[in-house]
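Engineer: This is start_7.txt (compact mmCIF, C-alpha atoms).
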```txt
# COMPACT_ATOMS: atom_id res chain seq x y z
CA MET E 1 -69.29 207.26 2.44
CA THR E 2 -68.07 203.71 1.83
CA ALA E 3 -65.13 203.54 -0.59
CA PHE E 4 -63.99 200.28 -2.14
CA ARG E 5 -60.38 199.85 -3.18
CA ASP E 6 -61.43 198.16 -6.41
CA ARG E 7 -63.92 195.60 -7.70
CA VAL E 8 -62.04 192.74 -6.04
CA ASP E 9 -62.35 194.42 -2.65
CA ALA E 10 -66.03 195.14 -3.31
CA GLY E 11 -66.63 191.54 -4.31
CA ARG E 12 -65.00 190.12 -1.20
CA ARG E 13 -66.96 192.41 1.08
CA LEU E 14 -70.17 191.62 -0.77
CA ALA E 15 -69.42 187.91 -0.46
CA GLU E 16 -69.25 188.25 3.34
CA ARG E 17 -72.75 189.71 3.35
CA LEU E 18 -73.98 186.85 1.16
CA ALA E 19 -72.52 184.09 3.33
CA PHE E 20 -76.04 183.01 4.37
CA LEU E 21 -76.46 181.56 0.85
CA ARG E 22 -73.34 179.38 1.02
CA ASP E 23 -75.11 176.02 1.47
CA GLN E 24 -77.87 176.67 -1.07
CA ASP E 25 -77.99 175.70 -4.75
CA VAL E 26 -76.61 179.00 -6.01
CA VAL E 27 -75.46 180.33 -9.37
CA VAL E 28 -73.67 183.70 -9.42
CA LEU E 29 -74.38 185.84 -12.50
CA GLY E 30 -72.12 188.79 -13.28
CA LEU E 31 -73.34 191.63 -15.48
CA PRO E 32 -70.58 192.34 -18.00
CA ARG E 33 -68.22 193.88 -17.93
CA GLY E 34 -67.71 195.55 -14.55
CA GLY E 35 -69.96 193.22 -12.59
CA VAL E 36 -67.94 190.11 -13.44
CA PRO E 37 -64.85 190.80 -11.24
CA VAL E 38 -67.21 191.48 -8.32
CA ALA E 39 -69.21 188.33 -9.09
CA PHE E 40 -66.02 186.26 -9.35
CA GLU E 41 -65.14 187.00 -5.73
CA VAL E 42 -68.69 186.20 -4.61
CA ALA E 43 -68.68 182.88 -6.47
CA GLU E 44 -65.25 182.03 -5.07
CA GLU E 45 -66.37 182.62 -1.48
CA LEU E 46 -69.67 180.75 -1.90
CA ASN E 47 -67.99 177.95 -3.88
CA ALA E 48 -70.66 178.45 -6.53
CA PRO E 49 -70.59 178.40 -10.33
CA LEU E 50 -70.09 181.74 -12.09
CA ASP E 51 -71.64 182.84 -15.35
CA VAL E 52 -72.44 186.04 -17.22
CA LEU E 53 -75.95 187.33 -17.72
CA VAL E 54 -75.99 189.29 -20.96
CA VAL E 55 -79.11 191.34 -21.59
CA ARG E 56 -80.07 193.74 -24.37
CA LYS E 57 -82.64 196.50 -24.23
CA LEU E 58 -85.39 196.55 -26.85
CA GLY E 59 -85.80 200.22 -27.73
CA VAL E 60 -88.93 201.75 -29.22
CA PRO E 61 -88.15 202.12 -32.99
CA PHE E 62 -88.72 205.89 -33.13
CA GLN E 63 -87.28 206.50 -29.64
CA PRO E 64 -84.51 203.88 -29.08
CA GLU E 65 -83.58 205.18 -25.62
CA LEU E 66 -87.08 204.27 -24.39
CA ALA E 67 -87.16 200.58 -23.46
CA MET E 68 -90.19 198.58 -24.48
CA GLY E 69 -88.57 195.38 -23.18
CA ALA E 70 -85.37 193.37 -23.09
CA ILE E 71 -83.98 190.01 -24.17
CA GLY E 72 -81.58 187.46 -22.75
CA GLU E 73 -80.15 184.08 -23.70
CA GLY E 74 -82.26 181.02 -24.36
CA GLY E 75 -84.97 183.05 -26.07
CA ALA E 76 -85.79 184.95 -22.86
CA ARG E 77 -87.81 188.10 -23.47
CA VAL E 78 -89.57 190.54 -21.17
CA LEU E 79 -91.89 193.25 -22.46
CA ASP E 80 -93.30 196.40 -20.94
CA ALA E 81 -96.93 196.03 -22.03
CA ASP E 82 -97.75 199.61 -21.11
CA VAL E 83 -94.96 201.09 -23.25
CA CYS E 84 -95.82 198.76 -26.15
CA ARG E 85 -99.45 199.81 -26.00
CA ARG E 86 -98.80 203.55 -25.76
CA ALA E 87 -96.19 203.45 -28.54
CA ARG E 88 -98.49 201.27 -30.67
CA ILE E 89 -95.78 198.68 -31.28
CA SER E 90 -96.78 196.11 -33.89
CA GLU E 91 -95.55 192.52 -34.05
CA ASP E 92 -93.43 193.47 -37.08
CA ASP E 93 -91.87 196.37 -35.15
CA LEU E 94 -91.05 194.08 -32.26
CA ARG E 95 -89.69 191.34 -34.50
CA HIS E 96 -87.40 193.76 -36.35
CA VAL E 97 -85.94 195.29 -33.19
CA GLU E 98 -85.52 191.95 -31.47
CA ARG E 99 -83.75 190.42 -34.47
CA ARG E 100 -81.17 193.21 -34.47
CA GLU E 101 -80.60 193.11 -30.72
CA ARG E 102 -80.51 189.30 -30.66
CA GLU E 103 -77.63 189.33 -33.13
CA GLU E 104 -75.65 191.68 -30.89
CA LEU E 105 -76.50 189.64 -27.79
CA ASP E 106 -75.39 186.39 -29.44
CA ALA E 107 -72.13 188.03 -30.55
CA ARG E 108 -71.37 189.19 -27.00
CA VAL E 109 -72.21 185.82 -25.51
CA ALA E 110 -69.96 184.07 -28.03
CA ARG E 111 -67.15 186.50 -27.22
CA TYR E 112 -67.38 185.92 -23.47
CA ARG E 113 -67.95 182.20 -23.43
CA ARG E 114 -65.91 181.08 -26.43
CA GLY E 115 -67.82 177.77 -26.54
CA ARG E 116 -68.46 177.50 -22.78
CA GLU E 117 -72.03 176.34 -22.07
CA ARG E 118 -74.50 178.53 -20.17
CA VAL E 119 -74.97 177.43 -16.55
CA ASP E 120 -78.47 176.02 -16.05
CA LEU E 121 -80.58 178.15 -13.68
CA GLY E 122 -83.50 175.75 -13.44
CA GLY E 123 -84.83 175.63 -9.85
CA ARG E 124 -81.74 177.36 -8.44
CA VAL E 125 -80.98 180.58 -6.60
CA ALA E 126 -79.63 183.17 -9.03
CA ILE E 127 -77.45 185.91 -7.50
CA VAL E 128 -77.31 188.76 -10.01
CA VAL E 129 -74.20 190.87 -9.33
CA ASP E 130 -73.08 194.24 -10.68
CA ASP E 131 -70.40 196.68 -9.51
CA GLY E 132 -73.14 199.17 -8.56
CA LEU E 133 -76.53 200.55 -9.51
CA ALA E 134 -77.52 203.94 -10.85
CA THR E 135 -81.04 203.87 -12.30
CA GLY E 136 -81.28 200.12 -11.78
CA SER E 137 -82.85 199.53 -15.20
CA THR E 138 -80.26 196.99 -16.39
CA ALA E 139 -80.32 195.09 -13.11
CA ARG E 140 -84.12 195.03 -13.13
CA VAL E 141 -84.20 193.48 -16.60
CA ALA E 142 -81.41 191.05 -15.66
CA CYS E 143 -83.45 189.80 -12.70
CA GLN E 144 -86.47 189.32 -14.94
CA VAL E 145 -84.41 187.41 -17.49
CA ALA E 146 -82.86 185.20 -14.78
CA ARG E 147 -86.35 184.27 -13.65
CA GLN E 148 -87.41 183.48 -17.22
CA LEU E 149 -84.36 181.23 -17.53
CA GLY E 150 -85.72 179.12 -14.69
CA ALA E 151 -84.33 180.60 -11.46
CA ALA E 152 -86.53 179.70 -8.50
CA ARG E 153 -85.28 182.69 -6.52
CA VAL E 154 -83.46 185.83 -7.61
CA VAL E 155 -81.15 187.84 -5.35
CA LEU E 156 -79.74 191.13 -6.62
CA ALA E 157 -76.40 191.96 -4.96
CA VAL E 158 -74.39 195.16 -5.44
CA PRO E 159 -71.74 197.05 -3.46
CA VAL E 160 -73.36 200.48 -3.85
CA ALA E 161 -76.60 202.08 -5.07
CA PRO E 162 -78.70 205.23 -4.61
CA SER E 163 -81.23 204.97 -1.78
CA ARG E 164 -84.06 206.00 -4.09
CA THR E 165 -83.25 203.20 -6.56
CA LEU E 166 -83.34 200.61 -3.78
CA GLN E 167 -86.83 201.77 -2.86
CA GLU E 168 -88.13 200.91 -6.33
CA SER E 169 -89.16 197.48 -7.58
CA LEU E 170 -86.05 195.75 -8.98
CA SER E 171 -87.78 192.45 -9.86
CA ALA E 172 -85.71 190.54 -7.31
CA ASP E 173 -86.89 188.45 -4.38
CA GLU E 174 -84.19 190.06 -2.26
CA VAL E 175 -81.76 192.94 -2.70
CA VAL E 176 -78.40 193.03 -0.92
CA CYS E 177 -76.49 196.33 -1.02
CA LEU E 178 -73.48 197.24 1.11
CA SER E 179 -73.83 201.00 0.78
CA ALA E 180 -77.08 202.87 0.15
CA VAL E 181 -76.25 206.47 -0.77
CA SER E 182 -78.70 209.34 -0.44
CA ARG E 183 -76.72 211.86 -2.49
CA PHE E 184 -75.57 209.67 -5.36
CA VAL E 185 -73.41 210.94 -8.25
CA ALA E 186 -72.01 207.87 -10.02
CA VAL E 187 -70.90 204.33 -9.20
CA GLY E 188 -67.26 205.16 -9.91
CA TYR E 189 -67.21 207.77 -7.13
CA HIS E 190 -67.31 204.93 -4.61
CA TYR E 191 -64.18 203.16 -5.89
CA LEU E 192 -60.57 204.23 -5.48
CA ASP E 193 -59.78 202.23 -8.63
CA PHE E 194 -62.62 202.04 -11.14
CA SER E 195 -60.53 201.11 -14.18
CA PRO E 196 -62.53 199.70 -17.10
CA THR E 197 -62.90 195.93 -17.17
CA THR E 198 -61.85 194.44 -20.51
CA ASP E 199 -63.44 191.59 -22.42
CA GLU E 200 -60.24 189.61 -21.85
CA GLU E 201 -60.57 189.97 -18.08
CA VAL E 202 -64.17 188.77 -18.25
CA ILE E 203 -63.17 185.72 -20.27
CA VAL E 204 -60.27 184.80 -18.01
CA LEU E 205 -62.40 185.10 -14.86
CA LEU E 206 -65.19 183.00 -16.33
CA ASP E 207 -62.73 180.38 -17.43
CA ALA E 208 -60.96 180.31 -14.07
CA ALA E 209 -64.28 179.91 -12.28
CA SER E 210 -65.41 177.10 -14.57
CA ARG E 211 -62.29 175.12 -13.69
CA ARG E 212 -62.36 175.78 -9.96
CA GLY E 213 -64.21 172.57 -9.25
CA LEU E 214 -61.78 170.38 -11.17
CA ALA E 215 -60.26 168.55 -8.19
CA ALA E 216 -57.51 166.96 -10.26
CA TYR E 217 -55.77 170.28 -10.81
CA PRO E 218 -52.99 171.20 -8.43
CA GLY E 219 -54.17 173.78 -5.91
CA VAL E 220 -53.22 177.31 -6.84
CA GLY E 221 -51.04 178.59 -4.07
CA THR E 222 -48.11 180.86 -3.43
CA ASP E 223 -45.18 178.44 -3.39
CA ALA E 224 -43.15 180.88 -5.50
CA ASP E 225 -44.00 184.26 -6.96
CA VAL E 226 -40.60 185.88 -7.17
CA ASP E 227 -38.19 187.81 -9.34
CA VAL E 228 -35.21 185.61 -10.22
CA GLU E 229 -31.75 185.89 -11.74
CA ILE E 230 -30.64 183.10 -14.04
CA PRO E 231 -27.00 182.52 -15.02
CA ALA E 232 -26.39 182.01 -18.74
CA GLY E 233 -22.64 181.77 -19.16
CA ALA E 234 -21.19 185.14 -18.20
CA THR E 235 -24.61 186.80 -18.47
CA ILE E 236 -27.31 187.08 -15.81
CA LEU E 237 -30.87 186.93 -17.14
CA GLN E 238 -33.72 188.64 -15.34
CA GLY E 239 -36.97 186.72 -14.89
CA HIS E 240 -40.10 186.21 -12.85
CA LEU E 241 -41.11 182.77 -11.60
CA HIS E 242 -44.67 181.99 -10.51
CA VAL E 243 -45.51 178.41 -9.56
CA PRO E 244 -48.48 176.94 -7.68
CA ASP E 245 -48.17 174.37 -4.92
CA ALA E 246 -47.34 170.83 -6.08
CA VAL E 247 -46.64 172.11 -9.59
CA ALA E 248 -46.32 169.48 -12.33
CA GLY E 249 -45.47 171.65 -15.33
CA VAL E 250 -43.74 174.98 -15.98
CA VAL E 251 -43.94 177.11 -19.11
CA ALA E 252 -40.96 179.31 -19.98
CA PHE E 253 -41.74 182.39 -22.10
CA ALA E 254 -39.57 183.55 -24.99
CA HIS E 255 -40.82 186.97 -26.08
CA GLY E 256 -40.16 188.73 -29.34
CA SER E 257 -38.39 191.95 -30.18
CA GLY E 258 -39.58 195.08 -28.41
CA SER E 259 -41.12 193.05 -25.58
CA SER E 260 -39.98 191.99 -22.11
CA ARG E 261 -40.93 189.95 -19.08
CA HIS E 262 -43.12 192.92 -18.10
CA SER E 263 -45.17 192.71 -21.31
CA PRO E 264 -48.90 192.97 -20.48
CA ARG E 265 -49.65 190.39 -23.18
CA ASN E 266 -47.21 187.83 -21.81
CA ARG E 267 -48.34 188.49 -18.25
CA PHE E 268 -51.94 188.04 -19.33
CA VAL E 269 -51.16 184.66 -20.91
CA ALA E 270 -49.05 183.68 -17.90
CA ASP E 271 -51.98 184.41 -15.59
CA VAL E 272 -54.26 182.19 -17.68
CA LEU E 273 -51.73 179.35 -17.44
CA TYR E 274 -51.20 179.83 -13.70
CA ARG E 275 -54.94 179.67 -13.03
CA ALA E 276 -54.94 176.29 -14.79
CA GLY E 277 -52.33 174.95 -12.37
CA LEU E 278 -49.21 175.59 -14.45
CA GLY E 279 -46.06 177.37 -13.35
CA THR E 280 -44.69 180.19 -15.51
CA LEU E 281 -41.25 181.68 -16.03
CA LEU E 282 -41.23 185.09 -17.71
CA LEU E 283 -37.70 186.07 -18.63
CA ASP E 284 -35.66 188.46 -20.73
CA LEU E 285 -33.37 186.56 -23.07
CA LEU E 286 -31.27 189.67 -23.67
CA THR E 287 -29.87 192.27 -21.30
CA PRO E 288 -30.86 195.94 -21.85
CA ASP E 289 -27.42 196.65 -23.37
CA GLU E 290 -27.71 193.66 -25.73
CA GLU E 291 -31.14 194.76 -26.94
CA VAL E 292 -29.66 198.00 -28.29
CA ASP E 293 -27.94 195.93 -30.98
CA ARG E 294 -30.79 194.83 -33.26
CA THR E 295 -28.76 191.94 -34.64
CA ASN E 296 -29.08 190.23 -31.25
CA VAL E 297 -32.87 190.27 -31.54
CA PHE E 298 -32.64 188.02 -34.61
CA ASP E 299 -29.76 185.88 -33.34
CA ILE E 300 -31.96 182.83 -32.87
CA GLU E 301 -29.10 180.57 -31.81
CA LEU E 302 -28.09 183.05 -29.07
CA LEU E 303 -31.69 183.37 -27.83
CA ALA E 304 -32.15 179.60 -27.89
CA GLY E 305 -28.97 179.16 -25.86
CA ARG E 306 -30.33 181.54 -23.22
CA LEU E 307 -33.62 179.63 -23.13
CA THR E 308 -31.68 176.40 -22.71
CA ALA E 309 -29.82 177.91 -19.75
CA ALA E 310 -33.12 178.90 -18.15
CA THR E 311 -34.47 175.38 -18.67
CA GLU E 312 -31.42 173.87 -17.00
CA TRP E 313 -31.79 176.37 -14.15
CA LEU E 314 -35.36 175.18 -13.54
CA GLY E 315 -33.90 171.72 -13.09
CA THR E 316 -31.78 172.93 -10.17
CA ARG E 317 -34.73 174.15 -8.05
CA SER E 318 -36.43 171.78 -5.64
CA ASP E 319 -39.92 173.03 -6.62
CA THR E 320 -39.44 172.71 -10.39
CA ALA E 321 -36.78 170.01 -10.85
CA SER E 322 -39.32 167.25 -11.54
CA CYS E 323 -41.61 169.38 -13.72
CA ARG E 324 -42.36 168.89 -17.36
CA ILE E 325 -41.23 171.96 -19.29
CA GLY E 326 -43.03 173.80 -22.07
CA TYR E 327 -42.06 176.81 -24.15
CA PHE E 328 -44.33 179.71 -25.12
CA GLY E 329 -42.80 181.81 -27.86
CA ALA E 330 -44.02 185.01 -29.48
CA SER E 331 -42.65 186.60 -32.66
CA THR E 332 -38.90 185.89 -32.92
CA GLY E 333 -39.08 184.17 -29.53
CA ALA E 334 -41.01 181.34 -31.17
CA GLY E 335 -38.07 180.64 -33.45
CA ALA E 336 -35.79 180.49 -30.42
CA ALA E 337 -38.21 178.21 -28.55
CA LEU E 338 -38.34 175.72 -31.41
CA TRP E 339 -34.56 175.85 -31.90
CA ALA E 340 -34.05 175.02 -28.22
CA ALA E 341 -36.80 172.38 -28.22
CA ALA E 342 -34.93 170.54 -30.98
CA ASP E 343 -32.28 169.62 -28.37
CA ALA E 344 -33.38 166.11 -27.41
CA GLY E 345 -31.42 166.35 -24.17
CA LEU E 346 -33.77 169.03 -22.80
CA ARG E 347 -36.85 166.76 -23.06
CA ILE E 348 -39.25 169.64 -23.75
CA SER E 349 -42.84 168.43 -23.46
CA ALA E 350 -44.74 171.07 -25.48
CA VAL E 351 -44.26 174.25 -27.50
CA VAL E 352 -46.75 177.00 -28.32
CA SER E 353 -46.05 179.80 -30.79
CA ARG E 354 -48.30 182.89 -30.77
CA GLY E 355 -47.95 185.14 -33.77
CA GLY E 356 -44.52 183.59 -34.00
CA ARG E 357 -41.76 183.14 -36.52
CA PRO E 358 -41.17 179.38 -36.37
CA ASP E 359 -39.47 179.66 -39.76
CA LEU E 360 -36.51 181.26 -37.99
CA ALA E 361 -35.67 177.86 -36.47
CA GLY E 362 -34.72 176.77 -39.99
CA ARG E 363 -33.36 173.25 -40.35
CA ARG E 364 -33.96 172.58 -36.63
CA LEU E 365 -37.74 172.41 -37.19
CA ALA E 366 -37.55 168.84 -38.42
CA GLN E 367 -35.72 167.82 -35.22
CA VAL E 368 -38.38 169.10 -32.82
CA GLN E 369 -40.11 166.23 -31.00
CA ALA E 370 -42.30 168.22 -28.60
CA PRO E 371 -45.98 168.58 -29.61
CA THR E 372 -46.22 172.05 -31.16
CA LEU E 373 -49.16 174.43 -31.46
CA LEU E 374 -48.92 177.35 -33.88
CA ILE E 375 -51.41 180.17 -33.17
CA VAL E 376 -51.78 182.90 -35.79
CA GLY E 377 -54.29 185.69 -36.39
CA SER E 378 -56.38 185.41 -39.54
CA ARG E 379 -55.46 188.99 -40.50
CA ASP E 380 -51.73 188.44 -40.00
CA GLN E 381 -51.36 187.13 -43.53
CA THR E 382 -47.57 187.27 -43.92
CA VAL E 383 -46.92 185.45 -40.64
CA LEU E 384 -49.72 182.99 -41.40
CA HIS E 385 -47.99 182.09 -44.66
CA LEU E 386 -44.66 181.62 -42.84
CA ASN E 387 -46.33 179.41 -40.22
CA ARG E 388 -47.89 177.19 -42.86
CA ARG E 389 -44.52 176.71 -44.50
CA ALA E 390 -42.90 175.97 -41.14
CA GLN E 391 -45.65 173.52 -40.21
CA ALA E 392 -44.87 171.51 -43.32
CA GLN E 393 -41.34 170.99 -41.99
CA LEU E 394 -42.39 169.80 -38.54
CA ARG E 395 -42.23 166.05 -37.93
CA CYS E 396 -43.72 166.16 -34.41
CA ALA E 397 -47.40 166.21 -33.46
CA ASN E 398 -48.55 169.69 -34.38
CA ARG E 399 -51.53 171.91 -35.04
CA LEU E 400 -52.13 175.31 -36.64
CA THR E 401 -54.89 177.33 -34.96
CA ILE E 402 -56.14 180.49 -36.64
CA VAL E 403 -57.82 183.10 -34.45
CA GLU E 404 -60.41 184.85 -36.55
CA GLY E 405 -60.15 188.64 -36.76
CA ALA E 406 -56.77 188.85 -35.02
CA THR E 407 -53.82 190.83 -36.32
CA HIS E 408 -50.19 190.24 -35.35
CA LEU E 409 -50.39 191.57 -31.78
CA PHE E 410 -53.85 190.11 -31.01
CA GLU E 411 -55.11 193.54 -29.97
CA GLU E 412 -58.70 192.98 -31.12
CA PRO E 413 -61.29 192.33 -28.36
CA GLY E 414 -61.28 188.74 -27.20
CA THR E 415 -58.56 187.52 -29.55
CA LEU E 416 -55.70 187.46 -27.05
CA ALA E 417 -57.93 185.62 -24.58
CA GLU E 418 -58.79 183.03 -27.22
CA ALA E 419 -55.12 182.53 -28.03
CA ALA E 420 -54.29 182.23 -24.33
CA MET E 421 -56.94 179.60 -23.77
CA CYS E 422 -55.75 177.61 -26.78
CA ALA E 423 -52.23 177.71 -25.31
CA ARG E 424 -53.55 176.73 -21.88
CA ASP E 425 -55.37 173.69 -23.22
CA TRP E 426 -52.30 172.57 -25.17
CA PHE E 427 -50.03 172.85 -22.14
CA VAL E 428 -52.54 171.24 -19.76
CA ASN E 429 -52.77 168.21 -22.05
CA HIS E 430 -49.04 167.84 -22.50
CA LEU E 431 -47.50 169.06 -19.24
CA LEU E 432 -49.84 167.90 -16.53
CA SER E 433 -50.24 164.24 -15.64
CA THR E 434 -52.26 161.95 -17.91
CA GLY E 435 -55.16 161.82 -15.49
CA ILE E 436 -55.39 165.60 -15.25
CA ALA E 437 -55.11 166.05 -19.00
CA GLN E 438 -57.84 163.50 -19.59
CA LYS E 439 -60.09 165.12 -16.99
CA ALA E 440 -59.49 168.57 -18.51
CA GLU E 441 -60.36 167.24 -21.96
CA GLU E 442 -63.59 165.75 -20.63
CA ASP E 443 -64.40 169.03 -18.86
CA ARG E 444 -64.21 170.91 -22.15
```
Would you give me this structure, written as structure tokens?
Structural biologist:
Amino acid sequence: MTAFRDRVDAGRRLAERLAFLRDQDVVVLGLPRGGVPVAFEVAEELNAPLDVLVVRKLGVPFQPELAMGAIGEGGARVLDADVCRRARISEDDLRHVERREREELDARVARYRRGRERVDLGGRVAIVVDDGLATGSTARVACQVARQLGAARVVLAVPVAPSRTLQESLSADEVVCLSAVSRFVAVGYHYLDFSPTTDEEVIVLLDAASRRGLAAYPGVGTDADVDVEIPAGATILQGHLHVPDAVAGVVAFAHGSGSSRHSPRNRFVADVLYRAGLGTLLLDLLTPDEEVDRTNVFDIELLAGRLTAATEWLGTRSDTASCRIGYFGASTGAGAALWAAADAGLRISAVVSRGGRPDLAGRRLAQVQAPTLLIVGSRDQTVLHLNRRAQAQLRCANRLTIVEGATHLFEEPGTLAEAAMCARDWFVNHLLSTGIAQKAEEDR
């Protein structure tokens, strides 16, 4: 039995099998959520655009689990005439069910794309990718929808599927499967790691793929991906530096209380920035012993001094010495970032605050010259009020972006990804060269 390490491994092995499509006009379509990481690897190997193909089943009104058809984007709809006839489905029945499912489909599409346009399938080869098949019903509908959206040829590609499912009609011109299993239990049995794929992961992968063809970005490489120690007076700060080849800008992270350089949220944002060609420095501004004393967490001047030391340290490295520097601050870390950015000698090029406390920078706010983006969740009312008051004190170029539905920690589906992409765009425009920033703006 073939076992894949994870979806990335499955995607790379599937891409090898699909190499014969490399020079054709191909669009890779991942079925969310689990199919997207597999599809990302396929698109990367084939140097093809990646998109999601969101479909919704149209269930018979009195038996919702029985599909009478399905819908996709662009008004695409496929119906099972036999089921509709036997169930005596009227036009009103169909209209009511489709309206409800169309609303859910549109909501999911908006969540995944966040304003990104659908890739045109007209006259192209559509490769529909999932992390595996069971009954094949979703994949079958997806292939039908891809064809309705204009695909000239549809290829269904999966790492694993039951032999009996592969023998059925799947509405594809060609089916590529790495492992056909006679005694099939579940897709997850064929993966060592079958962890759920989150909406945030889908969004980040789609965004990374959409920017792959932007030649002006520095190539993402492995110049430095290392744990570092940074001297700050008599204290040694722990950090992690990740910079691509020929890096032009580095973002230093200042986290809030109760967080660290290992924070999944900060690492998620850092990955988004790295994929856009930016270097990142995740660091702990306090030592473990210092964090025990809660007064240190709110000692903004102390935290800002540590951030300043880290900025000066970046200037001593050959790979980052010529980089423009930005600060990403969360919670109390945002206050420290703005306090440090007020030091004209540091020449900070941009600041982003996520769910931050810029008010903690006090009188220093008016001295900040770096373009500043304040990102706050719409449901984080107290912090939103504090950010509006702080914004009124800023004299630099600034913007307040409100992420709808987000609370303080941006835990709601899609909200952290939206905040990360807002931060990415701000840093790309202000840290990368003028030509790159202009090209990125045009790309959006």
Engineer: Looking at E:Pro371, E:Pro49, E:Gly74, E:Gly11, which one is nearest to Ser210 (chain E), with distances taken over all atoms listed in the file?
Structural biologist: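 Ranking E:Pro371, E:Pro49, E:Gly74, E:Gly11 by distance to Ser210 (chain E), first place goes to E:Pro49.
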Engineer: Using 9 Å as the limit and counting only C-alpha atoms, can you tabulate each residue of region 56-125 of chain E that touches region 407-428 of chain E, with its shortest atom-to-atom distance in Å and the two atoms involved, as a Markdown table?
Structural biologist:
```
| residue | atom | partner | partner_atom | distance |
| --- | --- | --- | --- | --- |
| E:Arg111 | CA | E:Gly414 | CA | 6.3 |
| E:Tyr112 | CA | E:Gly414 | CA | 7.7 |
| E:Arg114 | CA | E:Glu418 | CA | 7.4 |
```
Engineer: Restricted to C-alpha atoms, what would the selected residues look like written as a PDB file, keeping the file's coordinate frame?
Structural biologist:
```
ATOM      1  CA  ARG E 111     -67.150 186.500 -27.220  1.00  0.00           C
ATOM      2  CA  TYR E 112     -67.380 185.920 -23.470  1.00  0.00           C
ATOM      3  CA  ARG E 114     -65.910 181.080 -26.430  1.00  0.00           C
TER       4      ARG E 114
END
```
Engineer: For the atom pair CA of Val27 (chain E) and CA of Ala126 (chain E), what is the interatomic distance in Å to one decimal place?
Structural biologist: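 Value for the CA of Val27 (chain E)-CA of Ala126 (chain E) distance: 5.1 Å.
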Engineer: So the first atom is CA of Leu386 (chain E) and the second is CA of Ile348 (chain E); what is the distance between them in Å, to one decimal place?
Structural biologist: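 Answer for the CA of Leu386 (chain E) to CA of Ile348 (chain E) separation: 23.2 Å.
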Engineer: Mind giving me the straight-line distance from CA of Leu373 (chain E) to CA of Phe328 (chain E) in Å, one decimal?
Structural biologist: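 Rounded to one decimal, the two atoms are 9.6 Å apart.
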